[in-house]
$ cat model33.cif   # mmCIF, C-alpha atoms
data_protein
#
loop_
_atom_site.label_atom_id
_atom_site.label_comp_id
_atom_site.auth_asym_id
_atom_site.auth_seq_id
_atom_site.Cartn_x
_atom_site.Cartn_y
_atom_site.Cartn_z
CA MET A 1 0.00 0.00 0.00
CA MET A 2 2.74 2.41 1.03
CA LYS A 3 4.65 1.52 -2.08
CA LYS A 4 1.63 2.32 -4.28
CA ILE A 5 1.08 5.68 -2.67
CA PHE A 6 4.76 6.45 -2.98
CA LEU A 7 4.80 5.52 -6.67
CA LEU A 8 1.65 7.53 -7.32
CA THR A 9 3.02 10.65 -5.68
CA PHE A 10 6.31 10.10 -7.49
CA PHE A 11 4.64 9.93 -10.89
CA VAL A 12 2.36 12.85 -10.17
CA LEU A 13 5.40 14.83 -9.06
CA ILE A 14 7.30 13.86 -12.22
CA ALA A 15 4.32 14.78 -14.39
CA TRP A 16 3.89 18.07 -12.60
CA MET A 17 7.59 18.88 -12.85
CA SER A 18 7.83 18.01 -16.52
CA GLY A 19 4.80 20.13 -17.15
CA PHE A 20 6.51 22.91 -15.26
CA ALA A 21 9.70 22.47 -17.24
CA GLN A 22 7.86 22.56 -20.56
CA SER A 23 6.06 25.75 -19.76
CA ASN A 24 9.14 27.87 -20.34
CA MET A 25 10.80 25.73 -23.01
CA ASP A 26 9.94 25.78 -26.74
CA LEU A 27 6.95 27.97 -26.16
CA GLU A 28 6.03 30.35 -28.92
CA MET A 29 6.35 33.78 -27.39
CA ALA A 30 5.44 37.09 -28.96
CA ASP A 31 8.98 37.53 -30.22
CA LEU A 32 9.89 39.62 -33.24
CA MET A 33 9.19 36.99 -35.90
CA ARG A 34 5.75 36.30 -34.44
CA SER A 35 4.71 39.91 -33.88
CA SER A 36 2.33 41.85 -36.15
CA GLY A 37 0.74 38.70 -37.56
CA LYS A 38 4.15 37.15 -38.41
CA ILE A 39 4.68 39.76 -41.14
CA TYR A 40 8.46 39.66 -40.47
CA VAL A 41 8.48 36.07 -41.74
CA VAL A 42 7.28 37.39 -45.11
CA ILE A 43 9.90 40.15 -45.04
CA SER A 44 12.64 37.63 -44.23
CA VAL A 45 11.49 35.36 -47.05
CA LEU A 46 11.72 38.28 -49.45
CA LEU A 47 15.19 39.14 -48.11
CA ILE A 48 16.33 35.53 -48.61
CA ILE A 49 15.21 35.70 -52.24
CA LEU A 50 16.81 39.09 -52.78
CA GLY A 51 20.04 37.92 -51.15
CA GLY A 52 20.01 34.75 -53.22
CA ILE A 53 19.53 36.60 -56.50
CA ALA A 54 22.16 39.18 -55.53
CA GLY A 55 24.64 36.45 -54.65
CA TYR A 56 23.94 34.70 -57.96
CA LEU A 57 24.49 37.94 -59.88
CA PHE A 58 27.83 38.51 -58.15
CA TYR A 59 28.80 34.93 -59.02
CA LEU A 60 27.89 35.52 -62.67
CA ASP A 61 29.77 38.82 -62.57
CA LYS A 62 32.89 37.01 -61.36
CA LYS A 63 32.61 34.45 -64.14
CA LEU A 64 32.18 37.19 -66.72
CA LYS A 65 35.21 39.08 -65.39
CA HIS A 66 37.25 35.90 -65.72
CA LEU A 67 36.06 35.53 -69.33
CA GLU A 68 36.88 39.17 -70.11
CA LYS A 69 40.40 38.75 -68.73
CA LYS A 70 40.92 35.65 -70.85
CA ILE A 71 39.78 37.44 -73.99
CA GLN A 72 41.94 40.45 -73.17
CA SER A 73 45.04 38.32 -72.68
CA LYS A 74 44.33 36.55 -76.00
CA LEU A 75 44.02 39.95 -77.72
CA ASN A 76 47.31 41.08 -76.17
CA ASN A 77 49.06 37.98 -77.51
CA LEU A 78 48.00 38.67 -81.09
CA MET B 1 11.27 38.27 -79.15
CA MET B 2 13.93 37.14 -76.67
CA ARG B 3 16.43 39.57 -78.19
CA SER B 4 14.27 42.56 -77.35
CA VAL B 5 14.36 44.25 -73.99
CA TRP B 6 10.71 45.01 -73.23
CA TRP B 7 10.04 41.81 -71.27
CA LYS B 8 12.87 42.71 -68.89
CA TYR B 9 11.10 45.96 -68.06
CA ALA B 10 7.88 43.96 -67.77
CA ALA B 11 9.56 41.66 -65.24
CA ILE B 12 10.64 44.59 -63.07
CA ILE B 13 7.23 46.29 -63.27
CA LEU B 14 5.44 43.04 -62.40
CA LEU B 15 7.74 42.54 -59.41
CA ILE B 16 7.24 46.10 -58.16
CA TYR B 17 3.49 45.49 -58.42
CA THR B 18 3.96 42.19 -56.56
CA PHE B 19 5.82 43.85 -53.70
CA ILE B 20 3.36 46.69 -53.27
CA ALA B 21 0.12 44.75 -53.77
CA GLY B 22 1.54 41.68 -52.06
CA PHE B 23 2.18 43.55 -48.83
CA LEU B 24 -0.80 45.90 -48.88
CA LEU B 25 -3.82 44.09 -50.35
CA ASP B 26 -6.18 42.22 -48.05
CA VAL B 27 -5.59 38.52 -47.55
CA PRO B 28 -7.87 35.90 -45.96
CA ARG B 29 -7.53 35.74 -42.18
CA LEU B 30 -6.37 32.21 -41.41
CA PRO B 31 -5.23 30.70 -38.10
CA ILE B 32 -1.50 29.96 -37.62
CA LEU B 33 -0.66 31.37 -41.06
CA HIS B 34 -1.71 34.96 -40.28
CA GLU B 35 0.19 37.34 -42.57
CA THR B 36 2.59 34.64 -43.72
CA ILE B 37 0.02 33.62 -46.33
CA ARG B 38 1.60 36.47 -48.30
CA ASN B 39 4.56 34.14 -48.79
CA LEU B 40 2.43 32.64 -51.54
CA TYR B 41 3.67 35.45 -53.78
CA PHE B 42 7.32 34.75 -52.99
CA HIS B 43 7.92 31.17 -51.85
CA VAL B 44 5.38 29.49 -54.13
CA SER B 45 6.36 31.53 -57.18
CA MET B 46 9.97 30.34 -56.72
CA TRP B 47 8.76 26.78 -57.29
CA PHE B 48 6.60 27.84 -60.24
CA GLY B 49 9.63 29.57 -61.72
CA MET B 50 11.72 26.47 -61.14
CA ILE B 51 9.19 24.19 -62.82
CA ILE B 52 8.78 26.52 -65.81
CA LEU B 53 12.57 26.72 -66.31
CA LEU B 54 12.91 22.97 -65.96
CA VAL B 55 10.15 22.50 -68.53
CA CYS B 56 12.20 24.74 -70.85
CA SER B 57 15.22 22.53 -70.11
CA LEU B 58 13.18 19.43 -70.91
CA VAL B 59 11.90 20.91 -74.19
CA TYR B 60 15.42 21.81 -75.35
CA SER B 61 16.72 18.39 -74.29
CA ILE B 62 14.10 16.69 -76.43
CA ARG B 63 14.83 19.07 -79.29
CA TYR B 64 18.52 18.24 -79.01
CA LEU B 65 17.75 14.56 -79.50
CA GLY B 66 16.04 15.59 -82.74
CA ASN B 67 18.54 18.07 -84.21
CA SER B 68 21.88 17.17 -82.52
CA ASP B 69 22.77 20.87 -82.37
CA LEU B 70 25.13 21.59 -79.45
CA LYS B 71 23.56 25.01 -79.00
CA THR B 72 20.24 23.38 -78.14
CA ASP B 73 22.03 21.29 -75.53
CA LEU B 74 23.58 24.46 -74.10
CA TRP B 75 20.13 26.07 -73.76
CA ALA B 76 18.85 22.97 -71.96
CA SER B 77 21.67 22.78 -69.42
CA GLU B 78 21.68 26.51 -68.66
CA ALA B 79 17.91 26.44 -68.07
CA ALA B 80 18.36 23.56 -65.62
CA LYS B 81 21.05 25.52 -63.74
CA VAL B 82 18.80 28.54 -63.24
CA GLY B 83 15.88 26.25 -62.40
CA VAL B 84 17.82 24.51 -59.64
CA PHE B 85 18.92 27.91 -58.31
CA PHE B 86 15.23 28.80 -57.97
CA GLY B 87 14.69 25.45 -56.29
CA PHE B 88 17.29 26.31 -53.66
CA LEU B 89 15.57 29.64 -53.04
CA GLY B 90 12.29 27.76 -52.69
CA LEU B 91 13.82 25.39 -50.15
CA ALA B 92 15.39 28.19 -48.09
CA THR B 93 12.24 30.31 -48.00
CA GLY B 94 10.10 27.24 -47.31
CA MET B 95 12.27 26.26 -44.35
CA LEU B 96 11.87 29.68 -42.78
CA TRP B 97 8.14 29.63 -43.38
CA ALA B 98 7.89 26.12 -41.88
CA LYS B 99 9.78 27.23 -38.76
CA TYR B 100 7.15 29.84 -37.92
CA THR B 101 4.03 27.90 -38.92
CA TRP B 102 4.81 24.22 -38.36
CA GLY B 103 7.41 24.87 -35.64
CA ALA B 104 10.42 23.20 -37.25
CA TRP B 105 12.91 24.00 -39.99
CA TRP B 106 12.27 20.66 -41.64
CA VAL B 107 9.52 18.11 -41.14
CA ASN B 108 9.55 14.60 -42.50
CA ASP B 109 6.91 15.30 -45.08
CA SER B 110 6.46 13.73 -48.49
CA LYS B 111 6.36 17.09 -50.28
CA LEU B 112 9.50 18.46 -48.59
CA ASN B 113 11.53 15.28 -48.98
CA GLY B 114 10.32 14.98 -52.56
CA ALA B 115 11.44 18.53 -53.35
CA ALA B 116 14.86 17.88 -51.80
CA ALA B 117 15.19 14.59 -53.68
CA SER B 118 14.29 16.15 -57.02
CA ILE B 119 16.93 18.84 -56.52
CA LEU B 120 19.44 16.07 -55.84
CA VAL B 121 18.33 14.38 -59.08
CA TYR B 122 19.16 17.58 -60.96
CA LEU B 123 22.49 17.95 -59.14
CA ALA B 124 23.29 14.47 -60.45
CA TYR B 125 22.49 15.83 -63.94
CA PHE B 126 25.21 18.48 -63.55
CA MET B 127 27.68 15.92 -62.21
CA LEU B 128 26.92 13.69 -65.19
CA ARG B 129 27.57 16.60 -67.55
CA ASN B 130 30.86 17.48 -65.88
CA SER B 131 32.11 13.90 -65.98
CA LEU B 132 31.76 13.50 -69.75
CA ASP B 133 34.37 15.16 -71.96
CA GLU B 134 33.24 14.41 -75.47
CA GLU B 135 30.69 17.07 -76.45
CA GLN B 136 28.20 15.14 -78.58
CA LYS B 137 28.25 12.19 -76.20
CA ARG B 138 27.76 14.45 -73.19
CA ALA B 139 24.88 16.25 -74.87
CA ARG B 140 23.13 13.06 -75.90
CA ILE B 141 23.48 11.23 -72.58
CA SER B 142 22.50 14.26 -70.51
CA ALA B 143 19.50 14.96 -72.77
CA VAL B 144 18.22 11.46 -72.10
CA TYR B 145 18.96 11.81 -68.39
CA SER B 146 17.18 15.18 -68.36
CA ILE B 147 13.95 13.54 -69.54
CA PHE B 148 14.35 10.97 -66.78
CA ALA B 149 15.12 13.67 -64.19
CA PHE B 150 12.07 15.71 -65.13
CA SER B 151 9.70 12.75 -64.91
CA LEU B 152 11.23 11.78 -61.56
CA MET B 153 10.70 15.33 -60.29
CA MET B 154 7.05 15.25 -61.37
CA VAL B 155 6.59 12.00 -59.43
CA PHE B 156 8.41 13.38 -56.37
CA ILE B 157 6.67 16.73 -56.03
CA MET B 158 3.39 16.35 -57.92
CA ILE B 159 2.22 12.75 -57.59
CA LEU B 160 3.62 11.15 -54.42
CA PRO B 161 2.61 13.98 -52.04
CA ARG B 162 -0.94 13.77 -53.36
CA LEU B 163 -1.11 10.06 -52.65
CA THR B 164 -0.23 10.43 -48.97
CA ASP B 165 -1.05 12.89 -46.27
CA SER B 166 1.09 15.97 -46.27
CA LEU B 167 1.42 19.01 -44.06
CA HIS B 168 2.15 21.02 -47.15
CA PRO B 169 -0.94 22.69 -48.68
CA GLY B 170 -2.21 21.49 -52.01
CA ASN B 171 -1.80 17.83 -51.10
CA GLY B 172 -3.69 15.12 -49.26
CA GLY B 173 -5.95 16.32 -46.51
CA ASN B 174 -4.80 19.84 -45.69
CA PRO B 175 -7.46 22.48 -45.95
CA SER B 176 -5.42 25.49 -44.87
CA PHE B 177 -5.21 26.86 -48.41
CA GLY B 178 -8.76 25.85 -49.34
CA LYS B 179 -9.86 29.41 -48.91
CA TYR B 180 -7.16 30.94 -51.06
CA ASP B 181 -8.17 28.74 -53.99
CA LEU B 182 -11.30 30.85 -54.25
CA ASP B 183 -9.78 34.15 -53.25
CA SER B 184 -9.66 36.27 -56.37
CA ASN B 185 -7.86 39.04 -54.46
CA MET B 186 -4.82 36.82 -54.00
CA ARG B 187 -4.93 35.57 -57.57
CA MET B 188 -4.63 39.17 -58.75
CA VAL B 189 -1.17 39.28 -57.17
CA PHE B 190 -0.20 35.62 -57.43
CA TYR B 191 -0.29 35.29 -61.22
CA PRO B 192 1.67 38.50 -61.94
CA ALA B 193 4.15 37.38 -59.26
CA ILE B 194 4.73 34.06 -61.03
CA ILE B 195 5.23 35.80 -64.39
CA GLY B 196 7.56 38.41 -62.87
CA TRP B 197 9.81 35.97 -60.99
CA THR B 198 9.90 33.58 -63.95
CA LEU B 199 10.93 36.38 -66.30
CA ILE B 200 13.79 37.20 -63.91
CA GLY B 201 14.81 33.55 -64.19
CA VAL B 202 14.60 33.66 -67.98
CA TRP B 203 16.71 36.82 -67.93
CA ILE B 204 19.44 35.08 -65.90
CA TRP B 205 19.12 32.09 -68.24
CA GLN B 206 19.68 34.34 -71.25
CA ILE B 207 22.74 35.98 -69.66
CA ARG B 208 24.22 32.55 -68.89
CA ILE B 209 23.65 31.42 -72.50
CA ARG B 210 25.27 34.57 -73.88
CA MET B 211 28.29 34.09 -71.64
CA ALA B 212 28.64 30.46 -72.68
CA LEU B 213 28.35 31.43 -76.37
CA ILE B 214 31.12 34.03 -75.97
CA LYS B 215 33.32 31.37 -74.38
CA GLU B 216 32.58 28.99 -77.21
CA ALA B 217 33.29 31.66 -79.86
CA MET B 218 36.61 32.36 -78.18
CA TYR B 219 37.65 28.70 -78.43
CA THR B 220 36.48 28.42 -82.05
CA LEU B 221 38.55 31.48 -83.00
CA GLU B 222 41.54 29.97 -81.23
CA ASP B 223 41.16 26.67 -83.05
CA SER B 224 40.78 28.31 -86.44
CA ARG B 225 43.94 30.33 -85.85
CA LYS B 226 45.86 27.20 -84.90
CA GLN B 227 44.87 25.56 -88.17
CA GLU B 228 46.12 28.44 -90.28
#
$ encode --input "model33.cif" --output "structure tokens"
Amino acid sequence: MMKKIFLLTFFVLIAWMSGFAQSNMDLEMADLMRSSGKIYVVISVLLIILGGIAGYLFYLDKKLKHLEKKIQSKLNNL
Amino acid sequence: MMRSVWWKYAAIILLIYTFIAGFLLDVPRLPILHETIRNLYFHVSMWFGMIILLVCSLVYSIRYLGNSDLKTDLWASEAAKVGVFFGFLGLATGMLWAKYTWGAWWVNDSKLNGAAASILVYLAYFMLRNSLDEEQKRARISAVYSIFAFSLMMVFIMILPRLTDSLHPGNGGNPSFGKYDLDSNMRMVFYPAIIGWTLIGVWIWQIRIRMALIKEAMYTLEDSRKQE
């Protein structure tokens, strides 16, 4: 009997504590990304796209510069 | 038509319209999604752009098998490169969106895994191209592989997610976008957004082709001088 009561209180305590621990972990708070109807998520998505396209353009620019240098050196060797 | 410049202006105007109308027009009020439903104009149009560019790649691959012109092969491979770039943008934006609606950067979902797998299939296409030296052989083998890659992508992102349950809207048993399907307000921005982003992709595609053609012309001139 004592053992059962002990186990019961133990499990209730564990359940209560884990519930307590969860209440301030992984909870969605009103942080920046979730404020104003999560509009900053949309803005970040747009910034990712803009950054991606900008990065791609710089990459293409580098390739083109390489090509220009090659052509220039070939012209100089004529 | 592609040599003219008007469609580049059209792309920019459509995108400016997308940004203004996309942020200011009314959208349906949905739980969890809130304002992020506006990502439809950005995240979803990345995937539309990717699919349109990959369709272009497929068309030129098939045309190469008919005419054996290396230029056609070049158009096909450059379209696939830009398409996969759009796919990466789609993945990155989708991950951010998932974090703030589903609560995780990545969930084990048939649509997400299918999208990642189809991008890997196209990365294999580029590896295949780089590993073959002889031009005609490379073009022919990669044209055949491109047809295979496109059909695999269709299975991965269009068919399989519809056969199972998926968190992602537009697939089995998720009604969260049911409302937008009927929302003509969102369509007024969504369709111009798709056209605008796709035209940007086509623009990058054209620049890549022109660069590759310059490179090719340089080598041809070099070869002809050697023969003299």
$ closest_residue --input "model33.cif" --among "B:Asn39, B:Asn130, B:Ser184, B:Gln227" --to "chain A" --atoms "all atoms listed in the file"
B:Asn39
$ resolve_selection --input "model33.cif" --expression "the PyMOL selection byres ((chain B) within 8 of (chain A))" --output "ChimeraX atom specification"
/B:33-36,38-39,42-43,89,92-93,96-97,100,208,211,215,218
$ closest_residue --input "model33.cif" --among "B:Ser142, B:Gln136, B:Ser118, B:Ser77" --to "Met158 of chain B" --atoms "all atoms listed in the file"
B:Ser118
$ closest_residue --input "model33.cif" --among "B:Ser151, B:Asn113, B:Asn185, B:Ser61" --to "Leu25 of chain B" --atoms "only C-alpha atoms"
B:Asn185
$ closest_residue --input "model33.cif" --among "B:Gly49, B:Gly103, B:Gly87, B:Gly201" --to "Leu167 of chain B" --atoms "all atoms listed in the file"
B:Gly103
$ atom_distance --input "model33.cif" --atom1 "atom CA of Ser73 of chain A" --atom2 "atom CA of Leu132 of chain B"
28.3 Å
$ atom_distance --input "model33.cif" --atom1 "atom CA of Asn67 of chain B" --atom2 "atom CA of Trp203 of chain B"
24.9 Å
$ atom_distance --input "model33.cif" --atom1 "atom CA of Asp109 of chain B" --atom2 "atom CA of Ser166 of chain B"
6.0 Å
$ closest_residue --input "model33.cif" --among "B:Ser110, B:Ser57, B:Ser224, B:Ser4" --to "Val144 of chain B" --atoms "all atoms listed in the file"
B:Ser57
$ closest_residue --input "model33.cif" --among "B:Asp165, B:Lys226, B:Ile207, B:Leu221" --to "Leu75 of chain A" --atoms "only C-alpha atoms"
B:Leu221
$ resolve_selection --input "model33.cif" --expression "the PyMOL selection byres ((chain B and resi 195) around 10)" --output "PyMOL selection string"
chain B and resi 10-11+14-15+45+48-49+190-194+196-201
$ resolve_selection --input "model33.cif" --expression "the PyMOL selection byres ((chain B and resi 71) around 12)" --output "PyMOL selection string"
chain B and resi 60-61+63-65+67-70+72-78+135-136+139+209-210+212-213+216-217
